[in-house]
$ cat work28.cif   # mmCIF, C-alpha atoms
data_final
loop_
_atom_site.label_atom_id
_atom_site.label_comp_id
_atom_site.auth_asym_id
_atom_site.auth_seq_id
_atom_site.Cartn_x
_atom_site.Cartn_y
_atom_site.Cartn_z
CA MET A 1 -68.45 116.73 16.38
CA THR A 2 -66.66 119.75 17.73
CA ALA A 3 -65.97 122.75 15.58
CA SER A 4 -62.64 123.90 16.95
CA PHE A 5 -60.13 126.25 15.39
CA GLU A 6 -57.17 128.36 16.28
CA ARG A 7 -58.06 131.94 17.11
CA GLU A 8 -56.72 133.44 13.86
CA GLY A 9 -58.81 131.08 11.74
CA ILE A 10 -62.20 131.84 13.24
CA GLN A 11 -64.76 132.89 10.66
CA PRO A 12 -67.20 135.57 11.86
CA ASP A 13 -70.11 134.17 9.84
CA ARG A 14 -69.38 130.46 10.18
CA GLN A 15 -72.12 127.92 9.70
CA ARG A 16 -74.13 127.42 12.85
CA TYR A 17 -74.81 123.74 12.35
CA PRO A 18 -72.14 121.10 11.98
CA GLU A 19 -72.08 119.20 8.71
CA ALA A 20 -72.18 115.77 10.22
CA ARG A 21 -73.61 114.41 13.40
CA GLN A 22 -71.53 113.05 16.20
CA ASP A 23 -70.72 109.36 15.96
CA ALA A 24 -72.25 107.13 18.56
CA ASP A 25 -70.33 105.84 21.52
CA GLU A 26 -66.96 107.47 21.10
CA ALA A 27 -64.73 105.82 23.63
CA SER A 28 -62.32 108.75 23.55
CA PRO A 29 -63.97 112.13 23.86
CA ALA A 30 -63.09 114.99 21.53
CA ILE A 31 -60.81 116.44 24.20
CA SER A 32 -58.22 113.83 23.33
CA SER A 33 -58.16 114.76 19.62
CA PRO A 34 -55.13 116.66 18.32
CA ALA A 35 -57.32 119.60 17.29
CA ILE A 36 -58.01 120.53 20.91
CA SER A 37 -54.78 122.01 22.20
CA ARG A 38 -53.67 125.07 24.07
CA GLY A 39 -55.34 128.18 22.70
CA THR A 40 -58.04 126.24 20.87
CA ILE A 41 -61.46 127.78 20.70
CA ALA A 42 -64.49 125.51 20.73
CA ALA A 43 -67.88 126.51 19.41
CA GLY A 44 -70.89 124.98 17.81
CA PHE A 45 -73.16 122.14 18.71
CA GLU A 46 -72.23 118.73 19.93
CA VAL A 47 -73.63 115.73 21.74
CA ARG A 48 -71.49 112.93 23.10
CA VAL A 49 -72.03 109.70 25.03
CA GLN A 50 -68.83 108.40 26.54
CA GLU A 51 -67.47 105.79 28.89
CA ALA A 52 -64.50 107.95 29.84
CA PRO A 53 -64.78 110.36 32.77
CA ILE A 54 -65.93 113.88 31.92
CA ASP A 55 -63.16 116.47 32.18
CA VAL A 56 -65.23 119.54 32.95
CA GLN A 57 -62.33 121.99 32.75
CA ALA A 58 -61.22 120.73 29.35
CA GLU A 59 -64.77 121.02 28.03
CA ILE A 60 -65.42 124.55 29.28
CA VAL A 61 -62.16 126.46 28.83
CA PRO A 62 -62.04 126.33 25.01
CA VAL A 63 -65.64 127.56 24.90
CA MET A 64 -64.76 130.59 27.03
CA ARG A 65 -61.99 131.56 24.63
CA ASN A 66 -64.47 132.27 21.83
CA PRO A 67 -64.40 136.08 21.47
CA ARG A 68 -68.08 136.18 20.53
CA VAL A 69 -69.13 134.63 23.81
CA GLY A 70 -70.10 136.76 26.78
CA ALA A 71 -71.97 134.19 28.82
CA VAL A 72 -71.15 130.56 29.59
CA VAL A 73 -73.53 128.48 31.69
CA ASN A 74 -73.06 124.86 32.59
CA PHE A 75 -74.89 122.18 34.54
CA ILE A 76 -73.14 119.16 36.02
CA GLY A 77 -75.15 116.17 37.26
CA VAL A 78 -73.09 114.45 39.93
CA VAL A 79 -73.35 111.04 41.60
CA ARG A 80 -74.42 111.64 45.19
CA GLU A 81 -74.52 109.47 48.27
CA SER A 82 -78.28 109.38 48.82
CA GLY A 83 -80.71 108.68 46.04
CA ASP A 84 -83.43 106.07 46.32
CA PHE A 85 -80.78 104.20 48.31
CA ASP A 86 -78.52 105.55 51.03
CA ASP A 87 -74.79 104.86 50.98
CA VAL A 88 -74.49 104.92 47.18
CA VAL A 89 -70.91 104.50 45.96
CA ALA A 90 -71.57 104.55 42.21
CA LEU A 91 -74.18 104.63 39.49
CA GLU A 92 -74.36 102.29 36.55
CA LEU A 93 -75.80 103.78 33.38
CA GLU A 94 -77.29 101.98 30.43
CA HIS A 95 -78.41 103.66 27.21
CA TYR A 96 -79.91 102.88 23.79
CA PRO A 97 -77.02 103.19 21.31
CA GLY A 98 -78.26 104.87 18.14
CA MET A 99 -81.32 106.41 19.74
CA THR A 100 -79.46 108.22 22.51
CA GLU A 101 -77.36 110.36 20.20
CA GLN A 102 -80.36 111.13 18.04
CA ALA A 103 -82.46 112.08 21.08
CA LEU A 104 -79.73 114.32 22.51
CA TRP A 105 -79.24 115.91 19.11
CA SER A 106 -82.94 116.72 18.74
CA ILE A 107 -82.84 118.30 22.21
CA VAL A 108 -79.98 120.57 21.11
CA GLU A 109 -81.81 121.42 17.87
CA GLU A 110 -84.85 122.40 19.90
CA ALA A 111 -82.76 124.72 22.08
CA VAL A 112 -81.08 126.28 19.06
CA ALA A 113 -84.49 126.99 17.55
CA ARG A 114 -85.60 128.80 20.71
CA TRP A 115 -82.50 130.78 21.69
CA GLN A 116 -79.59 132.55 20.03
CA LEU A 117 -76.70 130.30 21.08
CA ASP A 118 -73.09 130.10 20.15
CA THR A 119 -72.43 126.74 21.77
CA ALA A 120 -74.62 123.96 23.10
CA ARG A 121 -73.03 120.72 24.19
CA ILE A 122 -74.28 117.67 26.05
CA VAL A 123 -71.80 115.12 27.33
CA HIS A 124 -73.30 112.10 29.10
CA ARG A 125 -71.55 109.16 30.73
CA THR A 126 -72.46 105.55 30.24
CA GLY A 127 -71.23 102.61 32.30
CA ARG A 128 -70.09 102.91 35.90
CA VAL A 129 -69.73 106.40 37.41
CA GLU A 130 -68.24 106.80 40.90
CA LEU A 131 -69.55 108.93 43.75
CA GLY A 132 -68.66 112.59 43.22
CA GLN A 133 -68.11 112.22 39.49
CA PRO A 134 -70.10 113.96 36.72
CA VAL A 135 -72.79 111.91 35.04
CA VAL A 136 -73.77 114.65 32.62
CA LEU A 137 -72.40 118.01 31.55
CA VAL A 138 -74.62 120.50 29.74
CA LEU A 139 -72.69 123.48 28.45
CA VAL A 140 -74.18 126.55 26.79
CA ALA A 141 -72.53 129.70 25.50
CA ALA A 142 -74.21 132.82 24.17
CA GLN A 143 -73.56 136.50 23.84
CA HIS A 144 -75.76 137.27 26.86
CA ARG A 145 -76.71 135.39 29.98
CA GLY A 146 -80.51 135.26 29.56
CA ALA A 147 -80.31 132.83 26.64
CA ALA A 148 -77.49 130.85 28.25
CA PHE A 149 -79.31 130.31 31.58
CA ASP A 150 -82.64 129.46 29.99
CA ALA A 151 -81.20 127.15 27.33
CA CYS A 152 -79.12 125.24 29.87
CA GLU A 153 -82.11 124.60 32.10
CA PHE A 154 -84.24 123.65 29.09
CA LEU A 155 -81.63 121.18 27.84
CA MET A 156 -81.50 119.47 31.24
CA ASP A 157 -85.28 119.33 31.66
CA PHE A 158 -85.65 117.87 28.17
CA LEU A 159 -82.84 115.39 28.68
CA LYS A 160 -84.31 114.15 31.97
CA ALA A 161 -87.67 113.53 30.29
CA HIS A 162 -86.57 112.13 26.93
CA ALA A 163 -82.99 110.81 26.71
CA PRO A 164 -82.93 106.99 26.77
CA PHE A 165 -80.67 106.32 29.72
CA TRP A 166 -81.42 104.16 32.74
CA LYS A 167 -79.61 104.24 36.06
CA LYS A 168 -78.84 101.72 38.75
CA GLU A 169 -77.57 102.72 42.16
CA ILE A 170 -74.75 100.61 43.57
CA ARG A 171 -74.53 100.55 47.35
CA ARG A 172 -71.42 100.11 49.41
CA ASP A 173 -72.41 96.55 50.27
CA GLY A 174 -72.74 95.71 46.59
CA GLU A 175 -76.55 95.86 46.40
CA ARG A 176 -77.84 97.22 43.11
CA ARG A 177 -81.17 98.90 42.58
CA ARG A 178 -82.87 100.50 39.59
CA VAL A 179 -83.66 104.18 39.87
CA ASP A 180 -87.30 104.90 39.09
CA ALA A 181 -88.42 107.75 36.87
CA LYS A 182 -89.73 110.74 38.79
CA THR A 183 -92.99 112.44 37.88
CA HIS A 184 -91.25 115.69 38.82
CA ASP A 185 -89.11 115.42 35.68
CA GLU A 186 -92.13 115.06 33.41
CA GLN A 187 -93.71 118.06 35.10
CA SER A 188 -90.57 120.14 34.64
CA MET A 189 -91.01 119.78 30.88
CA LEU A 190 -94.48 121.32 30.95
CA ARG A 191 -93.28 124.84 31.75
CA TRP A 192 -91.39 125.08 28.43
CA GLY A 193 -94.56 124.85 26.36
CA MET B 1 -92.44 92.43 7.43
CA GLU B 2 -89.59 91.85 9.82
CA LEU B 3 -89.36 93.60 13.17
CA THR B 4 -86.25 93.68 15.32
CA VAL B 5 -87.55 94.00 18.86
CA ARG B 6 -85.13 95.31 21.52
CA TYR B 7 -85.57 95.39 25.25
CA PHE B 8 -83.78 97.70 27.69
CA ALA B 9 -83.23 98.09 31.42
CA SER B 10 -85.79 96.45 33.72
CA VAL B 11 -87.86 95.29 30.74
CA ARG B 12 -84.85 93.40 29.41
CA GLU B 13 -84.15 91.92 32.83
CA GLN B 14 -87.70 90.67 33.17
CA VAL B 15 -88.02 89.43 29.58
CA GLY B 16 -84.62 87.74 29.72
CA LEU B 17 -83.81 88.83 26.17
CA THR B 18 -81.77 91.67 24.67
CA SER B 19 -83.45 91.45 21.29
CA GLU B 20 -85.30 89.19 18.91
CA VAL B 21 -86.58 89.20 15.33
CA ILE B 22 -90.31 88.87 14.76
CA HIS B 23 -91.79 88.02 11.36
CA VAL B 24 -95.19 89.56 10.79
CA ASP B 25 -97.49 88.25 8.06
CA SER B 26 -99.66 91.32 7.69
CA GLU B 27 -98.65 94.56 5.95
CA GLU B 28 -99.24 96.63 9.04
CA LEU B 29 -99.24 96.11 12.77
CA ALA B 30 -100.42 98.40 15.53
CA ILE B 31 -97.80 98.78 18.25
CA ASP B 32 -100.19 98.05 21.11
CA SER B 33 -101.20 94.92 19.25
CA LEU B 34 -97.55 93.85 19.08
CA ARG B 35 -97.19 94.47 22.81
CA THR B 36 -100.28 92.39 23.60
CA THR B 37 -99.11 89.54 21.39
CA LEU B 38 -95.65 89.51 22.97
CA ALA B 39 -97.15 89.67 26.46
CA SER B 40 -99.32 86.65 25.74
CA ARG B 41 -96.36 84.40 24.93
CA ASP B 42 -95.52 83.34 28.48
CA ALA B 43 -95.75 84.43 32.10
CA ARG B 44 -92.42 86.21 31.97
CA MET B 45 -93.35 88.34 28.95
CA ALA B 46 -96.77 88.94 30.48
CA GLN B 47 -95.20 90.40 33.60
CA ALA B 48 -92.67 92.49 31.67
CA LEU B 49 -95.12 93.98 29.18
CA GLN B 50 -98.37 93.90 31.13
CA ALA B 51 -100.96 96.51 30.22
CA GLY B 52 -100.98 99.18 32.88
CA ARG B 53 -97.23 99.04 33.40
CA PRO B 54 -95.63 102.26 32.13
CA ILE B 55 -93.63 101.16 29.08
CA CYS B 56 -92.11 103.47 26.50
CA ILE B 57 -91.93 102.39 22.88
CA ALA B 58 -89.56 103.61 20.19
CA VAL B 59 -89.74 102.73 16.50
CA ASN B 60 -86.55 103.30 14.51
CA HIS B 61 -85.08 105.37 17.35
CA GLU B 62 -88.06 107.70 17.74
CA MET B 63 -90.56 107.58 20.59
CA VAL B 64 -94.08 106.67 19.49
CA GLY B 65 -97.50 106.50 21.09
CA SER B 66 -99.29 103.21 21.62
CA GLY B 67 -101.53 103.96 18.63
CA PHE B 68 -98.60 103.93 16.19
CA VAL B 69 -98.85 101.54 13.25
CA VAL B 70 -95.75 99.86 11.82
CA ARG B 71 -95.81 99.31 8.06
CA GLU B 72 -92.27 98.34 7.13
CA ASN B 73 -89.24 96.51 8.49
CA SER B 74 -88.43 98.37 11.67
CA GLU B 75 -86.61 98.33 14.96
CA VAL B 76 -89.04 98.43 17.87
CA ALA B 77 -87.77 99.01 21.39
CA PHE B 78 -89.58 98.53 24.70
CA PHE B 79 -88.20 100.18 27.82
CA PRO B 80 -89.23 101.69 31.15
CA PRO B 81 -89.51 105.46 31.67
CA VAL B 82 -86.05 107.01 31.26
CA THR B 83 -83.81 108.07 34.13
CA GLY B 84 -80.86 109.87 32.56
CA GLY B 85 -79.16 113.10 33.50
#

$ encode --input "work28.cif" --output "structure tokens"
Amino acid sequence: MTASFEREGIQPDRQRYPEARQDADEASPAISSPAISRGTIAAGFEVRVQEAPIDVQAEIVPVMRNPRVGAVVNFIGVVRESGDFDDVVALELEHYPGMTEQALWSIVEEAVARWQLDTARIVHRTGRVELGQPVVLVLVAAQHRGAAFDACEFLMDFLKAHAPFWKKEIRRDGERRRVDAKTHDEQSMLRWG
Amino acid sequence: MELTVRYFASVREQVGLTSEVIHVDSEELAIDSLRTTLASRDARMAQALQAGRPICIAVNHEMVGSGFVVRENSEVAFFPPVTGG
């Protein structure tokens, strides 16, 4: 869920954690809800798995408007041409509905326990994602950049190692091939202790 | 107890099943025992769940080690190492 309010309504000591967890598999992301409009501020913690394309601008701009925030860091994972295959035109993503949201949520909780954050959001696509499009957006906002940089990298490392998604590469000629897990991703987790 | 077993990604493709319900007579079942039993059913299951193949196991949406023991009706999922992000 997104905690979003008009600027005048923002509470300086608002609850850090949302009351309810994000529903699984929202077909329409929160950006299409009436609460997110011009001038809206977004804050808080959210995870979302969606079939719709990720609108990076719409996700980030409301976070920047929060007057408490001095640092916003984001990571975008993008479909590229060469993976295990060359000439990739799209990825196809599968996930474990029910477990995915829970896994992403526990990753955010872990980051919140380690760093002072104002916002932490993970948005991950499922289904077919075209070349050049975002597969995942990790967005972090904090008062200062140290926490924002570190938390963003942590969230991505953790997601790569633990979130139950599986990818297939689709080649221009229609060939499909599973992407294999990389030992590099497991190793990246080790540095966080 | 009743176990709903789910398969994902390449495990699902090899097993040929999305999910199935398994009735277990005993009050507890070790997860690696479940895997061995499923693998022994036919050649297809044997290939999908063979010992030595890296398979991740989740019980009720949480990852578990192979030594985990199931003691109540649960959802058990078998899948290959994850590749999200």

$ interface_residues --input "work28.cif" --of "chain A" --to "chain B" --cutoff "12 Å" --atoms "all atoms listed in the file" --output "PDB file with C-alpha atoms, in the coordinates of the input"
ATOM      1  CA  VAL A  49     -72.030 109.700  25.030  1.00  0.00           C
ATOM      2  CA  PHE A  75     -74.890 122.180  34.540  1.00  0.00           C
ATOM      3  CA  ILE A  76     -73.140 119.160  36.020  1.00  0.00           C
ATOM      4  CA  GLY A  77     -75.150 116.170  37.260  1.00  0.00           C
ATOM      5  CA  VAL A  78     -73.090 114.450  39.930  1.00  0.00           C
ATOM      6  CA  VAL A  79     -73.350 111.040  41.600  1.00  0.00           C
ATOM      7  CA  LEU A  91     -74.180 104.630  39.490  1.00  0.00           C
ATOM      8  CA  GLU A  92     -74.360 102.290  36.550  1.00  0.00           C
ATOM      9  CA  LEU A  93     -75.800 103.780  33.380  1.00  0.00           C
ATOM     10  CA  GLU A  94     -77.290 101.980  30.430  1.00  0.00           C
ATOM     11  CA  HIS A  95     -78.410 103.660  27.210  1.00  0.00           C
ATOM     12  CA  TYR A  96     -79.910 102.880  23.790  1.00  0.00           C
ATOM     13  CA  PRO A  97     -77.020 103.190  21.310  1.00  0.00           C
ATOM     14  CA  GLY A  98     -78.260 104.870  18.140  1.00  0.00           C
ATOM     15  CA  MET A  99     -81.320 106.410  19.740  1.00  0.00           C
ATOM     16  CA  THR A 100     -79.460 108.220  22.510  1.00  0.00           C
ATOM     17  CA  GLU A 101     -77.360 110.360  20.200  1.00  0.00           C
ATOM     18  CA  GLN A 102     -80.360 111.130  18.040  1.00  0.00           C
ATOM     19  CA  ALA A 103     -82.460 112.080  21.080  1.00  0.00           C
ATOM     20  CA  LEU A 104     -79.730 114.320  22.510  1.00  0.00           C
ATOM     21  CA  SER A 106     -82.940 116.720  18.740  1.00  0.00           C
ATOM     22  CA  ILE A 122     -74.280 117.670  26.050  1.00  0.00           C
ATOM     23  CA  VAL A 123     -71.800 115.120  27.330  1.00  0.00           C
ATOM     24  CA  HIS A 124     -73.300 112.100  29.100  1.00  0.00           C
ATOM     25  CA  ARG A 125     -71.550 109.160  30.730  1.00  0.00           C
ATOM     26  CA  THR A 126     -72.460 105.550  30.240  1.00  0.00           C
ATOM     27  CA  PRO A 134     -70.100 113.960  36.720  1.00  0.00           C
ATOM     28  CA  VAL A 135     -72.790 111.910  35.040  1.00  0.00           C
ATOM     29  CA  VAL A 136     -73.770 114.650  32.620  1.00  0.00           C
ATOM     30  CA  LEU A 137     -72.400 118.010  31.550  1.00  0.00           C
ATOM     31  CA  VAL A 138     -74.620 120.500  29.740  1.00  0.00           C
ATOM     32  CA  GLU A 153     -82.110 124.600  32.100  1.00  0.00           C
ATOM     33  CA  LEU A 155     -81.630 121.180  27.840  1.00  0.00           C
ATOM     34  CA  MET A 156     -81.500 119.470  31.240  1.00  0.00           C
ATOM     35  CA  ASP A 157     -85.280 119.330  31.660  1.00  0.00           C
ATOM     36  CA  PHE A 158     -85.650 117.870  28.170  1.00  0.00           C
ATOM     37  CA  LEU A 159     -82.840 115.390  28.680  1.00  0.00           C
ATOM     38  CA  LYS A 160     -84.310 114.150  31.970  1.00  0.00           C
ATOM     39  CA  ALA A 161     -87.670 113.530  30.290  1.00  0.00           C
ATOM     40  CA  HIS A 162     -86.570 112.130  26.930  1.00  0.00           C
ATOM     41  CA  ALA A 163     -82.990 110.810  26.710  1.00  0.00           C
ATOM     42  CA  PRO A 164     -82.930 106.990  26.770  1.00  0.00           C
ATOM     43  CA  PHE A 165     -80.670 106.320  29.720  1.00  0.00           C
ATOM     44  CA  TRP A 166     -81.420 104.160  32.740  1.00  0.00           C
ATOM     45  CA  LYS A 167     -79.610 104.240  36.060  1.00  0.00           C
ATOM     46  CA  LYS A 168     -78.840 101.720  38.750  1.00  0.00           C
ATOM     47  CA  GLU A 169     -77.570 102.720  42.160  1.00  0.00           C
ATOM     48  CA  ARG A 177     -81.170  98.900  42.580  1.00  0.00           C
ATOM     49  CA  ARG A 178     -82.870 100.500  39.590  1.00  0.00           C
ATOM     50  CA  VAL A 179     -83.660 104.180  39.870  1.00  0.00           C
ATOM     51  CA  ASP A 180     -87.300 104.900  39.090  1.00  0.00           C
ATOM     52  CA  ALA A 181     -88.420 107.750  36.870  1.00  0.00           C
ATOM     53  CA  LYS A 182     -89.730 110.740  38.790  1.00  0.00           C
ATOM     54  CA  THR A 183     -92.990 112.440  37.880  1.00  0.00           C
ATOM     55  CA  HIS A 184     -91.250 115.690  38.820  1.00  0.00           C
ATOM     56  CA  ASP A 185     -89.110 115.420  35.680  1.00  0.00           C
ATOM     57  CA  GLU A 186     -92.130 115.060  33.410  1.00  0.00           C
TER      58      GLU A 186
END

$ resolve_selection --input "work28.cif" --expression "the PyMOL selection byres ((chain A and resi 121) around 9)" --output "number ranges by chain"
A: 44-48, 108, 119-120, 122-123, 137-140

$ resolve_selection --input "work28.cif" --expression "the PyMOL selection byres ((chain B and resi 44) around 12)" --output "ChimeraX atom specification"
/B:11-17,38-43,45-50

$ residues_near_point --input "work28.cif" --point "(-91.0, 83.7, 16.2)" --cutoff "12 Å" --atoms "all atoms listed in the file" --output "JSON, numbers by chain"
{"B": [2, 3, 4, 5, 19, 20, 21, 22, 23, 24, 25, 37, 38, 41]}

$ atom_distance --input "work28.cif" --atom1 "atom CA of Arg71 of chain B" --atom2 "atom CA of Glu27 of chain B"
5.9 Å

$ atom_distance --input "work28.cif" --atom1 "atom CA of Asp32 of chain B" --atom2 "atom CA of Phe68 of chain B"
7.8 Å

$ atom_distance --input "work28.cif" --atom1 "atom CA of Val129 of chain A" --atom2 "atom CA of Val89 of chain A"
8.8 Å

$ residues_around --input "work28.cif" --residues "Leu117 of chain A" --least-positions-apart "6" --cutoff "8 Å" --atoms "only C-alpha atoms" --output "list in words"
Val140, Ala141, Ala142, Gln143, Ala147 and Ala148 of chain A

$ resolve_selection --input "work28.cif" --expression "the PyMOL selection byres ((chain A and resi 68) around 9)" --output "NGL selection string"
:A and (12 or 65-67 or 69-70 or 118 or 142-143)

$ residues_near_point --input "work28.cif" --point "(-79.8, 134.1, 29.9)" --cutoff "7 Å" --atoms "only C-alpha atoms" --output "PyMOL selection string"
chain A and resi 144-150

$ decode --input "work28.cif" --residues "segment 51-63 of chain A" --atoms "N, CA and C atoms" --output "tab-separated table (two decimals), in the first residue's frame"
chain	number	residue	atom	x	y	z
A	51	GLU	N	1.65	-6.62	-13.60
A	51	GLU	CA	1.79	-6.96	-15.01
A	51	GLU	C	1.95	-5.70	-15.85
A	52	ALA	N	1.46	-4.58	-15.37
A	52	ALA	CA	1.53	-3.34	-16.14
A	52	ALA	C	2.97	-2.81	-16.16
A	53	PRO	N	3.33	-2.10	-17.22
A	53	PRO	CA	4.66	-1.50	-17.28
A	53	PRO	C	4.90	-0.57	-16.10
A	54	ILE	N	6.17	-0.46	-15.72
A	54	ILE	CA	6.55	0.40	-14.59
A	54	ILE	C	6.76	1.82	-15.11
A	55	ASP	N	6.06	2.76	-14.53
A	55	ASP	CA	6.21	4.17	-14.89
A	55	ASP	C	7.16	4.79	-13.86
A	56	VAL	N	8.42	4.85	-14.22
A	56	VAL	CA	9.45	5.24	-13.26
A	56	VAL	C	9.21	6.67	-12.76
A	57	GLN	N	8.92	7.57	-13.68
A	57	GLN	CA	8.68	8.97	-13.32
A	57	GLN	C	7.56	9.09	-12.29
A	58	ALA	N	6.46	8.41	-12.54
A	58	ALA	CA	5.30	8.50	-11.66
A	58	ALA	C	5.59	7.91	-10.29
A	59	GLU	N	6.52	6.95	-10.23
A	59	GLU	CA	6.87	6.36	-8.94
A	59	GLU	C	7.77	7.30	-8.14
A	60	ILE	N	8.69	7.97	-8.83
A	60	ILE	CA	9.73	8.72	-8.12
A	60	ILE	C	9.29	10.13	-7.71
A	61	VAL	N	8.61	10.82	-8.61
A	61	VAL	CA	8.32	12.25	-8.37
A	61	VAL	C	7.57	12.49	-7.05
A	62	PRO	N	6.53	11.74	-6.74
A	62	PRO	CA	5.84	11.98	-5.46
A	62	PRO	C	6.74	11.74	-4.24
A	63	VAL	N	7.71	10.87	-4.37
A	63	VAL	CA	8.64	10.61	-3.27
A	63	VAL	C	9.54	11.81	-3.04
